[in-house]
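Since the structure comes first, as structure tokens, the remarks are kept for the end.
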Amino acid sequence: MATTTKIRPRALVRASGGPRYAVALAVDALGTGLLRPFLLLYGVTVLRLSAPATGVAMTVGIVVGLVCMPAVGRWLDRGARSTVVAASMLVRVFGVALLLATPAGHVWLFGAAALFLGIGNQAWPAAHAALVATVAHGRERDAALAASRALRNAGLGVGALIATVCLAGGTTALQALAAVTGLAYLAAAALAWSVRLHARPAAAPTGGSAEESGKDGGAEDKAEESGKSSAKGKADEPAPRMPALLAANVIYVFCLNVPEIALPLVLVTQLHASPVWSAAIFVANTVLVVTLQVPVTVALSRFPRRTVLAFSGVVLAVSYLGFLAATSLDHALGAPAVAAVSVVCTIGEIIYAGSATALVTALAPPGVLGRTLARFELSTGFGLAVSPAVITALAPHGPAALWGSLTAATLLSAFAVTA
């Protein structure tokens with residue numbers, strides 16, 4: 001199908017890998033929500049590590065975990081799909097087991113646990129996108145990727161909510177949450193592996209040239225898809241480099257850390273607002289992503305993916321300027337204004353998430369889909385890793401330094417995407 005004009009839940013489930021795979025995604029997301037937001041707290045309270053040591057260990061784990069991506073890409077290009085997804089979940093089981101086995105005060109074992117959790121977290125998005133790209137094509141694939149993101153955010157939100165309620169139990173509760181997370185990863189891995197999906201490494205998708213021509217998107221969308229429709233899928237062909245797109249993506253992914261890092265930092269340190277505002281913004285972000293990710297992606301499917309991705313950068317830049325204006329207000333009005341502007345930022349995030357991976361899968365010839373997605377995930381992981389340091393370094397220099405820099409960099413990235 002060239003354009004997904006209606007949201008059909010059953011069709012989306014099939015396009016996303018089928019019912020068992022959807023359950024695997026939900027279980028995996030629920031388990032991730034139980035532990036990942038509180039991993040720093042686990043290191044500080046359960047293992048009695050210092051906050052800086054815990055943070056450094058987590059950051060190193062994420063960054064070193066990116067090293068696995070070239071191998072993941074090559075594995076995907078040999079045709080593996082559900083096996084790679086299951087492996088990304090299983091490696092996190094090992095990470096949780098290491099976490100539970102780490103004695104108090106042992107930062108290196110905690111770092112090793114963070115490393116295996118990081119490997120799984122970095123490998124999963126590329127493996128998942130490759131699986132969906134094998135099952136669905138064209139705009140149906142875009143909608144399926146959006147539906148998966150909505151489902152995952154719902155699972156993460158529910159898991160985090162359950163964990164928040166359980167935190168009153170102290171260190172014992174945190175250890176129990178980690179154990180349940182490991183079991184959830186194990187169950188999700190078994191479900192994902194049972195899908196038994198494998199792609200022919202050198203075969204283009206059936207009907208690719210018809211479905212992928214992007215009739216709804218005009219000449220630009222056809223250009224995006226021409227590589228896939230005409231590629232022979234040779235295993236030894238190089239993956240497209242996409243330097244401008246990958247560099248722009250590093251800046252784009254800053255938006256994913258704005259609700260979790262930048263806004264709480266601004267609200268508490270600059271506006272002296274109650275932490276309740278930060279929690280409300282985070283909940284609103286999750287609800288908006290869950291409810292709007294698919295409808296927004298479907299509504300924008302009439303436009304070329306590259307144009308939509310550039311537009312998301314403009315929306316994000318406008319929201320950053322809105323945050324700059326909101327922080328200039330007095331304390332009574334500043335927090336509500338930041339909360340209102342955060343809705344615009346979330347809309348930009350939704351547009352970005354619905355177009356970025358979809359564009360990369362459209363640009364990638366079938367024979368190098370895995371390596372292309374791995375390169376894209378490298379840029380995403382790098383952006384997520386450096387954005388907390390950049391945001392926290394800019395914030396002390398005032399709102400203009402933080403939001404002005406983000407605005408300029410994001411607009412430049414939007415221009416680079418269209419160039």
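So you can find residues: chains in the structure tokens are A, B, ... in the order shown, residues in each start at 1, and ligands are numbered from 1 in order.
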Applying 10 Å and only C-alpha atoms, which residues near range 388-390 of chain A remain after dropping the ones on its own chain fewer than 5 positions away? List them as a ChimeraX atom specification.
/A:59,254,257-258,260-262,383,395,402,406
I need the chosen residues saved as a PDB file, in the first residue's frame, with all heavy atoms.
ATOM      1  N   THR A  59      27.005   5.983  32.112  1.00  0.00           N
ATOM      2  CA  THR A  59      27.356   6.626  30.845  1.00  0.00           C
ATOM      3  C   THR A  59      28.350   5.783  30.048  1.00  0.00           C
ATOM      4  O   THR A  59      28.195   5.602  28.831  1.00  0.00           O
ATOM      5  CB  THR A  59      27.952   8.015  31.108  1.00  0.00           C
ATOM      6  OG1 THR A  59      26.982   8.814  31.797  1.00  0.00           O
ATOM      7  CG2 THR A  59      28.333   8.703  29.807  1.00  0.00           C
ATOM      8  N   PHE A 254      18.282  15.202  20.981  1.00  0.00           N
ATOM      9  CA  PHE A 254      18.278  15.990  22.212  1.00  0.00           C
ATOM     10  C   PHE A 254      16.849  16.178  22.721  1.00  0.00           C
ATOM     11  O   PHE A 254      16.622  16.280  23.926  1.00  0.00           O
ATOM     12  CB  PHE A 254      18.928  17.358  21.976  1.00  0.00           C
ATOM     13  CG  PHE A 254      20.418  17.370  22.124  1.00  0.00           C
ATOM     14  CD1 PHE A 254      21.214  16.519  21.376  1.00  0.00           C
ATOM     15  CD2 PHE A 254      21.038  18.243  22.997  1.00  0.00           C
ATOM     16  CE1 PHE A 254      22.604  16.527  21.504  1.00  0.00           C
ATOM     17  CE2 PHE A 254      22.420  18.266  23.138  1.00  0.00           C
ATOM     18  CZ  PHE A 254      23.206  17.409  22.387  1.00  0.00           C
ATOM     19  N   ASN A 257      15.555  13.963  25.496  1.00  0.00           N
ATOM     20  CA  ASN A 257      16.014  14.201  26.864  1.00  0.00           C
ATOM     21  C   ASN A 257      15.544  15.537  27.435  1.00  0.00           C
ATOM     22  O   ASN A 257      15.813  15.824  28.604  1.00  0.00           O
ATOM     23  CB  ASN A 257      17.547  14.133  26.932  1.00  0.00           C
ATOM     24  CG  ASN A 257      18.050  12.715  27.113  1.00  0.00           C
ATOM     25  OD1 ASN A 257      17.362  11.871  27.687  1.00  0.00           O
ATOM     26  ND2 ASN A 257      19.236  12.431  26.629  1.00  0.00           N
ATOM     27  N   VAL A 258      14.854  16.330  26.647  1.00  0.00           N
ATOM     28  CA  VAL A 258      14.367  17.617  27.151  1.00  0.00           C
ATOM     29  C   VAL A 258      13.369  17.432  28.300  1.00  0.00           C
ATOM     30  O   VAL A 258      13.508  18.062  29.348  1.00  0.00           O
ATOM     31  CB  VAL A 258      13.770  18.457  26.011  1.00  0.00           C
ATOM     32  CG1 VAL A 258      12.927  19.619  26.552  1.00  0.00           C
ATOM     33  CG2 VAL A 258      14.882  19.006  25.127  1.00  0.00           C
ATOM     34  N   GLU A 260      13.048  14.952  30.359  1.00  0.00           N
ATOM     35  CA  GLU A 260      13.626  14.237  31.493  1.00  0.00           C
ATOM     36  C   GLU A 260      14.774  14.983  32.151  1.00  0.00           C
ATOM     37  O   GLU A 260      15.032  14.786  33.351  1.00  0.00           O
ATOM     38  CB  GLU A 260      14.115  12.858  31.039  1.00  0.00           C
ATOM     39  CG  GLU A 260      13.020  11.939  30.540  1.00  0.00           C
ATOM     40  CD  GLU A 260      13.542  10.565  30.161  1.00  0.00           C
ATOM     41  OE1 GLU A 260      14.522  10.122  30.774  1.00  0.00           O
ATOM     42  OE2 GLU A 260      12.966   9.941  29.250  1.00  0.00           O
ATOM     43  N   ILE A 261      15.492  15.813  31.400  1.00  0.00           N
ATOM     44  CA  ILE A 261      16.695  16.457  31.936  1.00  0.00           C
ATOM     45  C   ILE A 261      16.595  17.978  31.906  1.00  0.00           C
ATOM     46  O   ILE A 261      16.719  18.644  32.935  1.00  0.00           O
ATOM     47  CB  ILE A 261      17.941  15.989  31.161  1.00  0.00           C
ATOM     48  CG1 ILE A 261      18.133  14.476  31.356  1.00  0.00           C
ATOM     49  CG2 ILE A 261      19.181  16.749  31.618  1.00  0.00           C
ATOM     50  CD1 ILE A 261      19.217  13.884  30.516  1.00  0.00           C
ATOM     51  N   ALA A 262      16.370  18.536  30.723  1.00  0.00           N
ATOM     52  CA  ALA A 262      16.411  19.998  30.594  1.00  0.00           C
ATOM     53  C   ALA A 262      15.289  20.674  31.380  1.00  0.00           C
ATOM     54  O   ALA A 262      15.543  21.634  32.129  1.00  0.00           O
ATOM     55  CB  ALA A 262      16.334  20.386  29.119  1.00  0.00           C
ATOM     56  N   GLY A 383      23.896  10.737  20.477  1.00  0.00           N
ATOM     57  CA  GLY A 383      23.155  11.933  20.866  1.00  0.00           C
ATOM     58  C   GLY A 383      22.553  11.804  22.250  1.00  0.00           C
ATOM     59  O   GLY A 383      22.593  12.743  23.053  1.00  0.00           O
ATOM     60  N   ALA A 395      23.117  24.978  30.769  1.00  0.00           N
ATOM     61  CA  ALA A 395      22.091  25.547  31.647  1.00  0.00           C
ATOM     62  C   ALA A 395      22.629  26.600  32.617  1.00  0.00           C
ATOM     63  O   ALA A 395      21.985  27.650  32.802  1.00  0.00           O
ATOM     64  CB  ALA A 395      21.376  24.435  32.405  1.00  0.00           C
ATOM     65  N   LEU A 402      21.251  28.012  26.749  1.00  0.00           N
ATOM     66  CA  LEU A 402      20.684  26.678  26.581  1.00  0.00           C
ATOM     67  C   LEU A 402      19.727  26.625  25.398  1.00  0.00           C
ATOM     68  O   LEU A 402      19.955  25.890  24.428  1.00  0.00           O
ATOM     69  CB  LEU A 402      19.963  26.259  27.865  1.00  0.00           C
ATOM     70  CG  LEU A 402      19.177  24.937  27.798  1.00  0.00           C
ATOM     71  CD1 LEU A 402      20.107  23.775  27.463  1.00  0.00           C
ATOM     72  CD2 LEU A 402      18.448  24.677  29.110  1.00  0.00           C
ATOM     73  N   LEU A 406      20.255  25.311  21.418  1.00  0.00           N
ATOM     74  CA  LEU A 406      19.441  24.196  20.914  1.00  0.00           C
ATOM     75  C   LEU A 406      18.630  24.618  19.692  1.00  0.00           C
ATOM     76  O   LEU A 406      18.481  23.846  18.737  1.00  0.00           O
ATOM     77  CB  LEU A 406      18.515  23.679  22.016  1.00  0.00           C
ATOM     78  CG  LEU A 406      19.171  22.880  23.138  1.00  0.00           C
ATOM     79  CD1 LEU A 406      18.133  22.464  24.183  1.00  0.00           C
ATOM     80  CD2 LEU A 406      19.883  21.653  22.592  1.00  0.00           C
TER      81      LEU A 406
END
Within 12 Å of Val290 in chain A, counting only C-alpha atoms, which residues qualify if same-chain residues fewer than 3 places away don't, as an MDAnalysis selection string?
chainID A and resid 146:158 283:287 293:296 346:347 350
Output N, CA and C atoms of each residue in that selection to a file, as an mmCIF file, in the first residue's frame.
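Printed below is result-v8.cif as written:
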data_model
loop_
_atom_site.group_PDB
_atom_site.id
_atom_site.type_symbol
_atom_site.label_atom_id
_atom_site.label_comp_id
_atom_site.auth_asym_id
_atom_site.auth_seq_id
_atom_site.Cartn_x
_atom_site.Cartn_y
_atom_site.Cartn_z
ATOM 1 N N ALA A 146 5.405 3.461 14.158
ATOM 2 C CA ALA A 146 4.790 4.411 15.079
ATOM 3 C C ALA A 146 3.971 3.691 16.142
ATOM 4 N N ALA A 147 3.228 2.656 15.733
ATOM 5 C CA ALA A 147 2.422 1.904 16.689
ATOM 6 C C ALA A 147 3.300 1.206 17.710
ATOM 7 N N SER A 148 4.424 0.683 17.263
ATOM 8 C CA SER A 148 5.354 0.023 18.187
ATOM 9 C C SER A 148 5.892 1.017 19.209
ATOM 10 N N ARG A 149 6.200 2.233 18.752
ATOM 11 C CA ARG A 149 6.700 3.243 19.687
ATOM 12 C C ARG A 149 5.634 3.623 20.706
ATOM 13 N N ALA A 150 4.389 3.756 20.251
ATOM 14 C CA ALA A 150 3.305 4.083 21.175
ATOM 15 C C ALA A 150 3.131 2.973 22.210
ATOM 16 N N LEU A 151 3.156 1.717 21.751
ATOM 17 C CA LEU A 151 3.027 0.587 22.661
ATOM 18 C C LEU A 151 4.174 0.562 23.657
ATOM 19 N N ARG A 152 5.379 0.802 23.176
ATOM 20 C CA ARG A 152 6.547 0.781 24.060
ATOM 21 C C ARG A 152 6.477 1.895 25.102
ATOM 22 N N ASN A 153 6.076 3.087 24.696
ATOM 23 C CA ASN A 153 5.957 4.175 25.656
ATOM 24 C C ASN A 153 4.883 3.892 26.696
ATOM 25 N N ALA A 154 3.808 3.247 26.272
ATOM 26 C CA ALA A 154 2.768 2.866 27.235
ATOM 27 C C ALA A 154 3.322 1.884 28.259
ATOM 28 N N GLY A 155 4.059 0.886 27.787
ATOM 29 C CA GLY A 155 4.655 -0.085 28.702
ATOM 30 C C GLY A 155 5.657 0.548 29.642
ATOM 31 N N LEU A 156 6.492 1.440 29.101
ATOM 32 C CA LEU A 156 7.465 2.148 29.938
ATOM 33 C C LEU A 156 6.772 2.980 31.007
ATOM 34 N N GLY A 157 5.702 3.666 30.616
ATOM 35 C CA GLY A 157 4.979 4.498 31.570
ATOM 36 C C GLY A 157 4.330 3.692 32.677
ATOM 37 N N VAL A 158 3.694 2.587 32.311
ATOM 38 C CA VAL A 158 3.055 1.729 33.317
ATOM 39 C C VAL A 158 4.108 1.146 34.253
ATOM 40 N N VAL A 283 4.601 12.891 32.586
ATOM 41 C CA VAL A 283 3.389 12.088 32.375
ATOM 42 C C VAL A 283 2.655 12.544 31.125
ATOM 43 N N ALA A 284 2.534 13.871 30.957
ATOM 44 C CA ALA A 284 1.859 14.397 29.769
ATOM 45 C C ALA A 284 2.585 13.994 28.498
ATOM 46 N N ASN A 285 3.912 14.025 28.522
ATOM 47 C CA ASN A 285 4.705 13.604 27.360
ATOM 48 C C ASN A 285 4.400 12.159 27.008
ATOM 49 N N THR A 286 4.360 11.292 28.016
ATOM 50 C CA THR A 286 4.086 9.875 27.763
ATOM 51 C C THR A 286 2.695 9.673 27.190
ATOM 52 N N VAL A 287 1.709 10.345 27.780
ATOM 53 C CA VAL A 287 0.321 10.195 27.317
ATOM 54 C C VAL A 287 0.170 10.695 25.880
ATOM 55 N N GLN A 293 1.062 9.280 18.544
ATOM 56 C CA GLN A 293 2.143 8.848 17.661
ATOM 57 C C GLN A 293 1.621 8.265 16.347
ATOM 58 N N VAL A 294 0.669 7.360 16.429
ATOM 59 C CA VAL A 294 0.138 6.746 15.205
ATOM 60 C C VAL A 294 -0.704 7.744 14.395
ATOM 61 N N PRO A 295 -1.682 8.442 15.002
ATOM 62 C CA PRO A 295 -2.475 9.383 14.195
ATOM 63 C C PRO A 295 -1.639 10.459 13.504
ATOM 64 N N VAL A 296 -0.654 11.012 14.197
ATOM 65 C CA VAL A 296 0.176 12.054 13.585
ATOM 66 C C VAL A 296 1.009 11.481 12.441
ATOM 67 N N THR A 346 6.691 18.085 22.593
ATOM 68 C CA THR A 346 6.304 16.678 22.434
ATOM 69 C C THR A 346 5.761 16.406 21.038
ATOM 70 N N ILE A 347 5.007 17.349 20.489
ATOM 71 C CA ILE A 347 4.518 17.192 19.114
ATOM 72 C C ILE A 347 5.694 17.099 18.152
ATOM 73 N N ILE A 350 7.168 13.692 18.460
ATOM 74 C CA ILE A 350 6.327 12.692 17.800
ATOM 75 C C ILE A 350 6.557 12.707 16.290
#
Non-local contacts of Leu47 in chain A (9 Å; only C-alpha atoms; under 4 positions in same chain excluded) as a ChimeraX atom specification
/A:42-43,102-107,110
Can you spit out the residues from that selection as a JSON list (two decimals), in the first residue's frame, using N, CA and C atoms?
[["chain", "number", "residue", "atom", "x", "y", "z"],
["A", 42, "TYR", "N", 19.28, 2.76, 42.15],
["A", 42, "TYR", "CA", 19.71, 1.43, 42.58],
["A", 42, "TYR", "C", 21.19, 1.46, 42.97],
["A", 43, "GLY", "N", 22.01, 2.08, 42.13],
["A", 43, "GLY", "CA", 23.44, 2.14, 42.42],
["A", 43, "GLY", "C", 23.73, 2.91, 43.70],
["A", 102, "THR", "N", 25.84, -8.03, 42.24],
["A", 102, "THR", "CA", 26.87, -7.07, 42.60],
["A", 102, "THR", "C", 26.83, -6.75, 44.10],
["A", 103, "PRO", "N", 27.93, -6.98, 44.81],
["A", 103, "PRO", "CA", 27.96, -6.60, 46.24],
["A", 103, "PRO", "C", 28.04, -5.08, 46.39],
["A", 104, "ALA", "N", 27.66, -4.60, 47.55],
["A", 104, "ALA", "CA", 27.70, -3.17, 47.82],
["A", 104, "ALA", "C", 29.13, -2.64, 47.67],
["A", 105, "GLY", "N", 29.26, -1.50, 47.02],
["A", 105, "GLY", "CA", 30.54, -0.85, 46.88],
["A", 105, "GLY", "C", 31.36, -1.26, 45.68],
["A", 106, "HIS", "N", 30.90, -2.23, 44.89],
["A", 106, "HIS", "CA", 31.67, -2.72, 43.73],
["A", 106, "HIS", "C", 31.21, -1.99, 42.47],
["A", 107, "VAL", "N", 31.85, -0.88, 42.16],
["A", 107, "VAL", "CA", 31.44, -0.06, 41.04],
["A", 107, "VAL", "C", 31.74, -0.74, 39.71],
["A", 110, "PHE", "N", 28.97, -3.12, 38.85],
["A", 110, "PHE", "CA", 27.82, -2.32, 38.45],
["A", 110, "PHE", "C", 28.01, -1.78, 37.03]]
Counting only C-alpha atoms, what is within 10 Å of Gly31 in chain A, bar same-chain residues fewer than 2 positions away, as a VMD selection string?
chain A and resid 25 to 29 33 to 36 155 to 156 158 to 160 163 177 to 188
Mind checking DSSP for range 17-215 of chain A and telling me the alpha helix (DSSP H) residues as a short mmCIF file (atom, residue, chain, number, x, y, z; two decimals) with C-alpha atoms, in the first residue's frame?
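Now in part_38.cif:
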data_model
loop_
_atom_site.label_atom_id
_atom_site.label_comp_id
_atom_site.auth_asym_id
_atom_site.auth_seq_id
_atom_site.Cartn_x
_atom_site.Cartn_y
_atom_site.Cartn_z
CA PRO A 19 0.28 -10.66 18.16
CA ARG A 20 3.03 -12.63 19.92
CA TYR A 21 5.62 -10.06 18.94
CA ALA A 22 3.36 -7.25 20.15
CA VAL A 23 3.05 -9.00 23.52
CA ALA A 24 6.84 -9.39 23.61
CA LEU A 25 7.25 -5.64 23.04
CA ALA A 26 4.75 -4.83 25.78
CA VAL A 27 6.38 -7.18 28.31
CA ASP A 28 9.86 -5.90 27.45
CA ALA A 29 8.75 -2.26 27.80
CA LEU A 30 7.00 -2.96 31.10
CA GLY A 31 10.15 -4.55 32.51
CA THR A 32 12.31 -1.71 31.22
CA GLY A 33 10.02 0.84 32.88
CA LEU A 34 10.40 -0.95 36.21
CA LEU A 35 14.16 -0.51 36.36
CA LEU A 39 19.04 2.45 37.80
CA LEU A 40 20.93 5.44 39.22
CA LEU A 41 18.89 5.15 42.42
CA ALA A 51 26.16 9.46 42.64
CA PRO A 52 29.05 10.62 40.39
CA ALA A 53 30.54 7.10 40.23
CA THR A 54 27.13 5.62 39.45
CA GLY A 55 26.47 8.18 36.72
CA VAL A 56 29.87 7.67 35.12
CA ALA A 57 29.43 3.88 35.15
CA MET A 58 26.04 4.21 33.48
CA THR A 59 27.36 6.63 30.85
CA VAL A 60 30.35 4.41 30.07
CA GLY A 61 28.02 1.43 29.77
CA ILE A 62 25.83 3.25 27.24
CA VAL A 63 28.75 4.54 25.17
CA VAL A 64 30.67 1.25 25.13
CA GLY A 65 27.43 -0.55 24.31
CA MET A 69 26.23 -1.94 16.64
CA PRO A 70 28.40 -2.81 13.59
CA ALA A 71 28.19 -6.50 14.53
CA VAL A 72 24.43 -6.21 15.01
CA GLY A 73 24.12 -4.61 11.57
CA ARG A 74 26.09 -7.41 9.90
CA TRP A 75 24.01 -10.04 11.71
CA LEU A 76 20.81 -8.41 10.47
CA ASP A 77 22.16 -8.26 6.93
CA SER A 82 13.48 -12.14 15.51
CA THR A 83 16.67 -13.86 16.71
CA VAL A 84 18.47 -10.51 16.99
CA VAL A 85 15.52 -8.96 18.81
CA ALA A 86 15.47 -11.89 21.25
CA ALA A 87 19.25 -11.64 21.72
CA SER A 88 18.97 -7.93 22.59
CA MET A 89 16.52 -8.90 25.31
CA LEU A 90 18.55 -11.84 26.57
CA VAL A 91 21.72 -9.79 26.97
CA ARG A 92 19.76 -7.52 29.28
CA VAL A 93 18.76 -10.55 31.34
CA PHE A 94 22.49 -11.13 31.89
CA GLY A 95 22.89 -7.46 32.82
CA VAL A 96 20.13 -7.69 35.43
CA ALA A 97 21.63 -10.91 36.82
CA LEU A 98 24.99 -9.13 37.21
CA LEU A 99 23.23 -6.22 38.88
CA LEU A 100 21.58 -8.50 41.42
CA ALA A 101 24.89 -10.29 42.07
CA VAL A 107 31.44 -0.06 41.04
CA TRP A 108 33.13 -2.19 38.37
CA LEU A 109 30.53 -4.96 38.58
CA PHE A 110 27.82 -2.32 38.45
CA GLY A 111 29.54 -0.89 35.38
CA ALA A 112 29.58 -4.34 33.77
CA ALA A 113 25.86 -4.72 34.45
CA ALA A 114 25.25 -1.28 32.93
CA LEU A 115 27.31 -2.32 29.91
CA PHE A 116 25.18 -5.39 29.15
CA LEU A 117 22.01 -3.42 29.74
CA GLY A 118 23.41 -0.77 27.38
CA ILE A 119 24.22 -3.33 24.69
CA GLY A 120 20.66 -4.62 24.78
CA ASN A 121 19.16 -1.16 24.79
CA GLN A 122 21.32 -0.06 21.84
CA ALA A 123 20.80 -3.21 19.76
CA TRP A 124 17.05 -3.45 20.18
CA PRO A 125 15.89 -0.42 18.10
CA ALA A 126 17.82 -1.45 14.98
CA ALA A 127 16.76 -5.10 15.30
CA HIS A 128 13.13 -4.10 15.83
CA ALA A 129 13.12 -1.70 12.87
CA ALA A 130 14.63 -4.37 10.62
CA LEU A 131 11.98 -6.87 11.70
CA VAL A 132 9.14 -4.45 11.00
CA ALA A 133 10.71 -3.50 7.64
CA THR A 134 10.69 -7.18 6.70
CA VAL A 135 7.01 -7.65 7.55
CA GLY A 138 5.79 1.59 2.37
CA ARG A 139 3.58 3.75 4.54
CA GLU A 140 2.17 0.70 6.34
CA ARG A 141 5.69 0.17 7.70
CA ASP A 142 5.82 3.77 8.93
CA ALA A 143 2.53 3.33 10.78
CA ALA A 144 3.72 0.02 12.24
CA LEU A 145 6.90 1.63 13.56
CA ALA A 146 4.79 4.41 15.08
CA ALA A 147 2.42 1.90 16.69
CA SER A 148 5.35 0.02 18.19
CA ARG A 149 6.70 3.24 19.69
CA ALA A 150 3.31 4.08 21.18
CA LEU A 151 3.03 0.59 22.66
CA ARG A 152 6.55 0.78 24.06
CA ASN A 153 5.96 4.18 25.66
CA ALA A 154 2.77 2.87 27.23
CA GLY A 155 4.66 -0.09 28.70
CA LEU A 156 7.47 2.15 29.94
CA GLY A 157 4.98 4.50 31.57
CA VAL A 158 3.05 1.73 33.32
CA GLY A 159 6.29 0.12 34.49
CA ALA A 160 7.62 3.41 35.85
CA LEU A 161 4.32 4.07 37.62
CA ILE A 162 4.37 0.64 39.28
CA ALA A 163 7.99 1.11 40.29
CA THR A 164 7.26 4.55 41.76
CA VAL A 165 4.55 3.08 43.96
CA CYS A 166 6.85 0.25 45.05
CA GLY A 170 13.28 0.85 50.04
CA THR A 171 16.25 -1.21 48.89
CA THR A 172 14.37 -4.50 49.08
CA ALA A 173 11.77 -3.13 46.67
CA LEU A 174 14.45 -1.99 44.24
CA GLN A 175 16.05 -5.45 44.26
CA ALA A 176 12.64 -7.04 43.72
CA LEU A 177 11.95 -4.67 40.80
CA ALA A 178 15.28 -5.63 39.25
CA ALA A 179 14.43 -9.33 39.58
CA VAL A 180 11.02 -8.82 37.98
CA THR A 181 12.69 -6.84 35.19
CA GLY A 182 15.01 -9.78 34.46
CA LEU A 183 12.05 -12.17 34.32
CA ALA A 184 10.19 -9.79 32.01
CA TYR A 185 13.17 -9.61 29.66
CA LEU A 186 13.42 -13.40 29.66
CA ALA A 187 9.72 -13.83 28.86
CA ALA A 188 9.89 -11.18 26.14
CA ALA A 189 12.94 -12.84 24.58
CA ALA A 190 11.14 -16.20 24.46
CA LEU A 191 8.10 -14.61 22.81
CA ALA A 192 10.20 -12.69 20.28
CA TRP A 193 12.25 -15.78 19.40
CA SER A 194 9.06 -17.82 18.88
CA GLY A 208 8.82 -3.20 -3.37
CA SER A 209 8.86 -0.95 -6.38
CA ALA A 210 5.11 -0.51 -6.30
CA GLU A 211 4.69 -0.10 -2.60
#
